[in-house]
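Note sheet for the following structure.
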Amino acid sequence: MHITCVTMAMRFTLLHILSLTFFITFPSSLSQSDQFCDAGLTSSKLLIKGGTVVNAHHQQLADVYVQDGVILAVNPSIPVGDEVTVIDATGKFVMPGGIDPHTHLDFEFMDTATVDDFFSGQAAALAGGTTMHIDFVIPLKGSLTAGFEAYEKKANKSCMDYGFHMAITKWDETVSREMEIMVKEKGINSFKFFMAYKGALMINDELLLEGFKKCKSLGALAMVHAENGDAVYEGQKKMIELGITGPEGHALSRPAVLEGEATARAIRLADFVNTPLYVVHVMSIDAMEEIAKARKSGQRVIGEPVASGLALDESWLWHPDFETAAKYVMSPPIRKQGHDKALQAALSKGVLQLVGTDHCAFNSTQKALGIDDFRKIPNGVNGIEERMHLVWDIMVESGQISVTDYVRLTSTECARIFNIYPRKGAILPGSDADIIILNPNSSFEITAKSHHSKLDTNVYEGRKGKGKIEVTIAGGKIVWENNELKVAPGTGRYIKMPPFSYLFDGIDKKDAFYLNSLQAPVKRAKSNT
């Protein structure tokens with residue numbers, strides 16, 4: 001059992017009125033029991049003193065002064081009065097809170113729903129140093145508006161800032177018009193297209209082209225889940241015919257070549273339309289190499305690996321215990337040993353740009369739905385709480401990236417791609433006070449007993465490493481300190497993300513160059529015969 005402390009607090013006024021706060025305790029199992037006790041008082045003024053402040057391109061010894069949820073100053077030796085709460089960060093790194101670009105909370109999928117909702121999932125995120133995430137809205141019967149309204153209700157219990165991507169699962173004029181509404185009125189600037197999950201979410205190339213064209217016109221980023229869904233379907237049938245029904249059949253039915261093919265196809269279609277492309281959960285060398293090739297040619301392609309792809313290999317899917325093996329089932333699958341190291345190298349060289357999680361939490365009972373048929377195992381693994389620690393341990397402690405690179409990969413680049421920088425992803429005057437304090441000399445251990453997700457398992461069970469996030473500040477409030485979590489449902493904010501991020505810079509010039517290069521139409525004399 002673990003303890004989660006929840007602070008029920010009123011917003012601070014300009015007079016800095018202090019409010020009463022309470023703890024809510026709940027276990028990591030699905031059942032919840034509530035206990036209340038006094039949690040103390042909190043100030044709306046904070047000074048983080050003596051730490052090394054790290055941004056994506058610079059680090060310095062400095063103090064950080066926060067008031068009413070906003071960073072007001074970053075300077076050495078800032079003097080403050082007694083009413084200010086002071087946090088000593090000497091010998092530690094002070095960095096922007098993480099932004100997870102890829103999550104699925106309260107997601108209905110494969111005849112069940114994820115166990116983590118917008119409260120438990122976000123609480124887990126905050127305990128791990130992530131202060132914002134972007135979740136995927138799934139349309140209801142193809143309706144974007146209905147889907148958005150459903151997710152608005154789901155997010156009422158949120159306890160940290162969040163944004164939305166939108167999936168596109170069908171195409172007609174209504175969907176086209178709704179995309180405009182999502183961008184112009186609802187603050188969505190990205191749309192996801194599934195090239196897999198045949199018979200459920202999968203779309204064909206005709207729809208993909210229509211969607212890419214619409215995204216371009218709106219200044220919205222096109223995103224793809226890149227696997228060849230038709231081939232995966234054939235691969236699944238083949239495994240069943242061979243009598244391979246366990247979790248290993250999942251990996252065998254959708255090999256890396258199918259991820260590479262779909263990635264290449266999406267890249268070429270995006271190039272044909274001349275619109276930026278974002279490839280989610282890059283899991284293989286095959287997909288990564290297609291992204292590298294496109295970026296080398298100058299195409300605007302973003303590659304997002306996820307924590308599981310960097311930290312794990314597929315050997316777990318062959319574990320003799322079904323429950324153990326099934327918890328590693330996700331799509332695209334976790335790959336053979338070697339793919340993980342290649343993805344790490346691609347991150348360090350800039351071939352891949354940021355790290356997500358694809359946090360999609362199904363417990364062992366839900367995973368058991370596929371005990372006789374791997375096709376029925378709900379796809380998804382955890383990661384929203386573990387990502388920041390894993391990236392530090394795998395990438396920084398190994399010397400593959402710098403501390404400033406770490407900030408870029410876990411926060412800043414996501415903020416830039418989705419057009420919310422420097423409000424998010426920076427320790428700068430005027431930025432939101434979403435801040436973490438990481439102690440590089442401290443250590444962490446990941447277990448299902450101690451994590452804050454509702455999951456009863458953890459794919460990183462028993463993993464230990466260096467670099468521990470000791471303090472998380474979200475919206476100017478200390479929400480994680482001394483291994484205690486202080487959050488309240490309903491305190492999170494929806495962050496609207498405007499269109500036309502930096503990825504669209506110069507797109508119009510490339511279009512103009514293309515038109516000028518056509519040397520067409522050719523004027524030909526009309527025949528008299």
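Residue numbering restarts at 1 in every chain; chains get A, B, ... in the order shown in the structure tokens, and ligands count up from 1 in that same order.
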As a PDB file with N, CA, C and O atoms, in the first residue's frame, please: the residues near segment 210-222 of chain A (cut-off 7 Å, only C-alpha atoms, same-chain neighbours under 5 positions excluded).
```
ATOM      1  N   GLU A 180     -11.941  22.230 -37.770  1.00  0.00           N
ATOM      2  CA  GLU A 180     -11.780  23.687 -37.690  1.00  0.00           C
ATOM      3  C   GLU A 180     -12.220  24.211 -36.329  1.00  0.00           C
ATOM      4  O   GLU A 180     -11.550  25.062 -35.731  1.00  0.00           O
ATOM      5  N   ASN A 189      -4.370  21.540 -31.356  1.00  0.00           N
ATOM      6  CA  ASN A 189      -3.532  21.846 -32.522  1.00  0.00           C
ATOM      7  C   ASN A 189      -2.836  20.615 -33.084  1.00  0.00           C
ATOM      8  O   ASN A 189      -1.812  20.729 -33.756  1.00  0.00           O
ATOM      9  N   SER A 190      -3.413  19.432 -32.809  1.00  0.00           N
ATOM     10  CA  SER A 190      -2.818  18.195 -33.329  1.00  0.00           C
ATOM     11  C   SER A 190      -3.904  17.136 -33.488  1.00  0.00           C
ATOM     12  O   SER A 190      -4.833  17.057 -32.668  1.00  0.00           O
ATOM     13  N   PHE A 191      -3.772  16.335 -34.538  1.00  0.00           N
ATOM     14  CA  PHE A 191      -4.753  15.287 -34.840  1.00  0.00           C
ATOM     15  C   PHE A 191      -4.012  13.987 -35.133  1.00  0.00           C
ATOM     16  O   PHE A 191      -3.051  13.963 -35.902  1.00  0.00           O
ATOM     17  N   LYS A 192      -4.489  12.920 -34.514  1.00  0.00           N
ATOM     18  CA  LYS A 192      -3.815  11.621 -34.629  1.00  0.00           C
ATOM     19  C   LYS A 192      -4.585  10.686 -35.553  1.00  0.00           C
ATOM     20  O   LYS A 192      -5.807  10.567 -35.474  1.00  0.00           O
ATOM     21  N   ALA A 270       3.051  12.677 -46.120  1.00  0.00           N
ATOM     22  CA  ALA A 270       3.182  14.012 -45.532  1.00  0.00           C
ATOM     23  C   ALA A 270       4.056  14.899 -46.405  1.00  0.00           C
ATOM     24  O   ALA A 270       3.789  16.105 -46.562  1.00  0.00           O
ATOM     25  N   VAL A 273       2.021  16.088 -49.372  1.00  0.00           N
ATOM     26  CA  VAL A 273       1.119  17.184 -49.005  1.00  0.00           C
ATOM     27  C   VAL A 273       1.907  18.421 -48.576  1.00  0.00           C
ATOM     28  O   VAL A 273       1.408  19.539 -48.635  1.00  0.00           O
ATOM     29  N   THR A 275       3.307  18.845 -45.313  1.00  0.00           N
ATOM     30  CA  THR A 275       2.856  19.222 -43.969  1.00  0.00           C
ATOM     31  C   THR A 275       3.734  18.516 -42.949  1.00  0.00           C
ATOM     32  O   THR A 275       4.218  17.404 -43.203  1.00  0.00           O
ATOM     33  N   PRO A 276       3.980  19.126 -41.804  1.00  0.00           N
ATOM     34  CA  PRO A 276       4.791  18.464 -40.765  1.00  0.00           C
ATOM     35  C   PRO A 276       4.124  17.191 -40.257  1.00  0.00           C
ATOM     36  O   PRO A 276       2.896  17.063 -40.287  1.00  0.00           O
ATOM     37  N   LEU A 277       4.946  16.267 -39.777  1.00  0.00           N
ATOM     38  CA  LEU A 277       4.446  14.982 -39.303  1.00  0.00           C
ATOM     39  C   LEU A 277       5.086  14.634 -37.966  1.00  0.00           C
ATOM     40  O   LEU A 277       6.281  14.857 -37.763  1.00  0.00           O
ATOM     41  N   TYR A 278       4.294  14.066 -37.074  1.00  0.00           N
ATOM     42  CA  TYR A 278       4.756  13.614 -35.765  1.00  0.00           C
ATOM     43  C   TYR A 278       4.460  12.118 -35.672  1.00  0.00           C
ATOM     44  O   TYR A 278       3.315  11.703 -35.754  1.00  0.00           O
ATOM     45  N   PRO A 499      -2.516  26.999 -32.990  1.00  0.00           N
ATOM     46  CA  PRO A 499      -1.963  26.371 -34.203  1.00  0.00           C
ATOM     47  C   PRO A 499      -0.706  27.078 -34.680  1.00  0.00           C
ATOM     48  O   PRO A 499      -0.266  28.069 -34.115  1.00  0.00           O
ATOM     49  N   PHE A 500      -0.135  26.535 -35.758  1.00  0.00           N
ATOM     50  CA  PHE A 500       1.020  27.100 -36.456  1.00  0.00           C
ATOM     51  C   PHE A 500       2.229  27.260 -35.534  1.00  0.00           C
ATOM     52  O   PHE A 500       2.747  28.359 -35.323  1.00  0.00           O
ATOM     53  N   PHE A 504       5.721  24.879 -38.778  1.00  0.00           N
ATOM     54  CA  PHE A 504       5.078  25.364 -40.001  1.00  0.00           C
ATOM     55  C   PHE A 504       5.828  26.542 -40.631  1.00  0.00           C
ATOM     56  O   PHE A 504       5.449  26.998 -41.713  1.00  0.00           O
TER      57      PHE A 504
END
```
Neighbour list for Pro333 of chain A as a list in words, cut-off 10 Å, only C-alpha atoms, skip fewer than 2 positions in-chain:
Glu248, His250, Ala251, Leu252, Ser253, Arg254, Pro255, Ala256, Glu259, His281, Met283, Ser284, Ser308, Gly309, Asp313, Glu314, Leu317, Tyr328, Val329, Met330, Ser331, Arg335, Lys336, Asn379 and Gly380 of chain A
Please report, as number ranges by chain, each residue of segment 125-209 of chain A to which DSSP assigns alpha helix (DSSP H) when run on this structure's backbone.
A: 125-127, 144-154, 173-184, 205-209
Residues near segment 170-177 of chain A, cut-off 7 Å, only C-alpha atoms, skip fewer than 5 positions along chain, as an mmCIF file with N, CA and C atoms, in the first residue's frame:
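Output contents, as saved in selection36.cif:
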```
data_model
loop_
_atom_site.group_PDB
_atom_site.id
_atom_site.type_symbol
_atom_site.label_atom_id
_atom_site.label_comp_id
_atom_site.auth_asym_id
_atom_site.auth_seq_id
_atom_site.Cartn_x
_atom_site.Cartn_y
_atom_site.Cartn_z
ATOM 1 N N GLY A 142 -17.478 8.770 -34.305
ATOM 2 C CA GLY A 142 -16.914 9.640 -35.331
ATOM 3 C C GLY A 142 -17.044 11.117 -35.056
ATOM 4 N N SER A 143 -17.810 11.505 -34.033
ATOM 5 C CA SER A 143 -18.045 12.922 -33.752
ATOM 6 C C SER A 143 -16.934 13.493 -32.878
ATOM 7 N N LEU A 144 -16.230 14.482 -33.394
ATOM 8 C CA LEU A 144 -15.161 15.131 -32.636
ATOM 9 C C LEU A 144 -15.737 15.944 -31.481
ATOM 10 N N ILE A 203 -7.502 3.876 -40.124
ATOM 11 C CA ILE A 203 -7.962 4.606 -41.307
ATOM 12 C C ILE A 203 -7.115 4.183 -42.515
ATOM 13 N N LEU A 207 -8.135 8.519 -46.459
ATOM 14 C CA LEU A 207 -8.484 9.351 -45.313
ATOM 15 C C LEU A 207 -7.246 10.067 -44.774
#
```
Could I get the residues of segment 360-471 of chain A with an atom no further than 10 Å from an atom of segment 83-96 of chain A, each paired with its nearest atom pair and that distance in Å to one decimal, using only C-alpha atoms, sorted by chain and residue number, as a tab-separated table?
```
residue	atom	partner	partner_atom	distance
A:Val403	CA	A:Phe93	CA	8.8
A:Thr404	CA	A:Met95	CA	9.2
A:Tyr406	CA	A:Met95	CA	9.5
A:Val407	CA	A:Met95	CA	6.9
A:Arg408	CA	A:Pro96	CA	9.5
A:Thr410	CA	A:Pro96	CA	8.9
A:Ser411	CA	A:Pro96	CA	6.7
A:Thr412	CA	A:Pro96	CA	7.9
A:Lys424	CA	A:Pro96	CA	7.7
A:Gly425	CA	A:Pro96	CA	5.4
A:Ala426	CA	A:Pro96	CA	5.3
A:Ile427	CA	A:Pro96	CA	5.8
A:Leu428	CA	A:Pro96	CA	9.4
A:Ser431	CA	A:Pro96	CA	9.6
A:Asp432	CA	A:Pro96	CA	9.2
A:Ala433	CA	A:Pro96	CA	8.2
A:Asp434	CA	A:Pro96	CA	6.0
A:Ile435	CA	A:Pro96	CA	4.6
A:Ile436	CA	A:Met95	CA	5.4
A:Ile437	CA	A:Val94	CA	4.7
A:Leu438	CA	A:Phe93	CA	5.1
A:Asn439	CA	A:Lys92	CA	4.9
A:Pro440	CA	A:Lys92	CA	6.7
A:Asn441	CA	A:Lys92	CA	8.5
A:Ser442	CA	A:Lys92	CA	9.9
A:Gly467	CA	A:Lys92	CA	9.8
A:Lys468	CA	A:Lys92	CA	10.0
A:Ile469	CA	A:Phe93	CA	9.3
A:Glu470	CA	A:Lys92	CA	9.5
A:Val471	CA	A:Ile87	CA	9.3
```
Write the residues you've just listed into a file as an mmCIF file, in the first residue's frame, and include C-alpha atoms for each of them.
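selection36.cif, written as the output of this step:
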```cif
data_model
loop_
_atom_site.group_PDB
_atom_site.id
_atom_site.type_symbol
_atom_site.label_atom_id
_atom_site.label_comp_id
_atom_site.auth_asym_id
_atom_site.auth_seq_id
_atom_site.Cartn_x
_atom_site.Cartn_y
_atom_site.Cartn_z
ATOM 1 C CA VAL A 403 21.495 17.991 -18.204
ATOM 2 C CA THR A 404 20.285 20.678 -20.624
ATOM 3 C CA TYR A 406 17.398 16.259 -20.477
ATOM 4 C CA VAL A 407 15.263 19.372 -20.056
ATOM 5 C CA ARG A 408 14.836 19.647 -23.817
ATOM 6 C CA THR A 410 11.412 15.822 -21.299
ATOM 7 C CA SER A 411 9.830 19.286 -21.371
ATOM 8 C CA THR A 412 10.994 22.128 -23.608
ATOM 9 C CA LYS A 424 5.610 25.850 -20.329
ATOM 10 C CA GLY A 425 8.962 24.115 -20.591
ATOM 11 C CA ALA A 426 11.138 26.879 -19.147
ATOM 12 C CA ILE A 427 12.406 28.419 -15.915
ATOM 13 C CA LEU A 428 12.058 32.025 -17.060
ATOM 14 C CA SER A 431 6.654 31.165 -17.260
ATOM 15 C CA ASP A 432 4.192 29.046 -15.307
ATOM 16 C CA ALA A 433 5.706 27.888 -12.018
ATOM 17 C CA ASP A 434 5.859 24.194 -12.959
ATOM 18 C CA ILE A 435 9.195 23.206 -11.466
ATOM 19 C CA ILE A 436 11.030 20.116 -10.257
ATOM 20 C CA ILE A 437 14.044 19.776 -7.983
ATOM 21 C CA LEU A 438 16.192 16.757 -8.817
ATOM 22 C CA ASN A 439 18.909 15.436 -6.546
ATOM 23 C CA PRO A 440 21.550 13.741 -8.735
ATOM 24 C CA ASN A 441 23.108 12.039 -5.697
ATOM 25 C CA SER A 442 19.898 10.431 -4.491
ATOM 26 C CA GLY A 467 18.738 10.838 -9.725
ATOM 27 C CA LYS A 468 15.594 11.409 -7.699
ATOM 28 C CA ILE A 469 12.962 14.104 -8.073
ATOM 29 C CA GLU A 470 12.542 15.313 -4.506
ATOM 30 C CA VAL A 471 10.192 18.248 -5.062
#
```
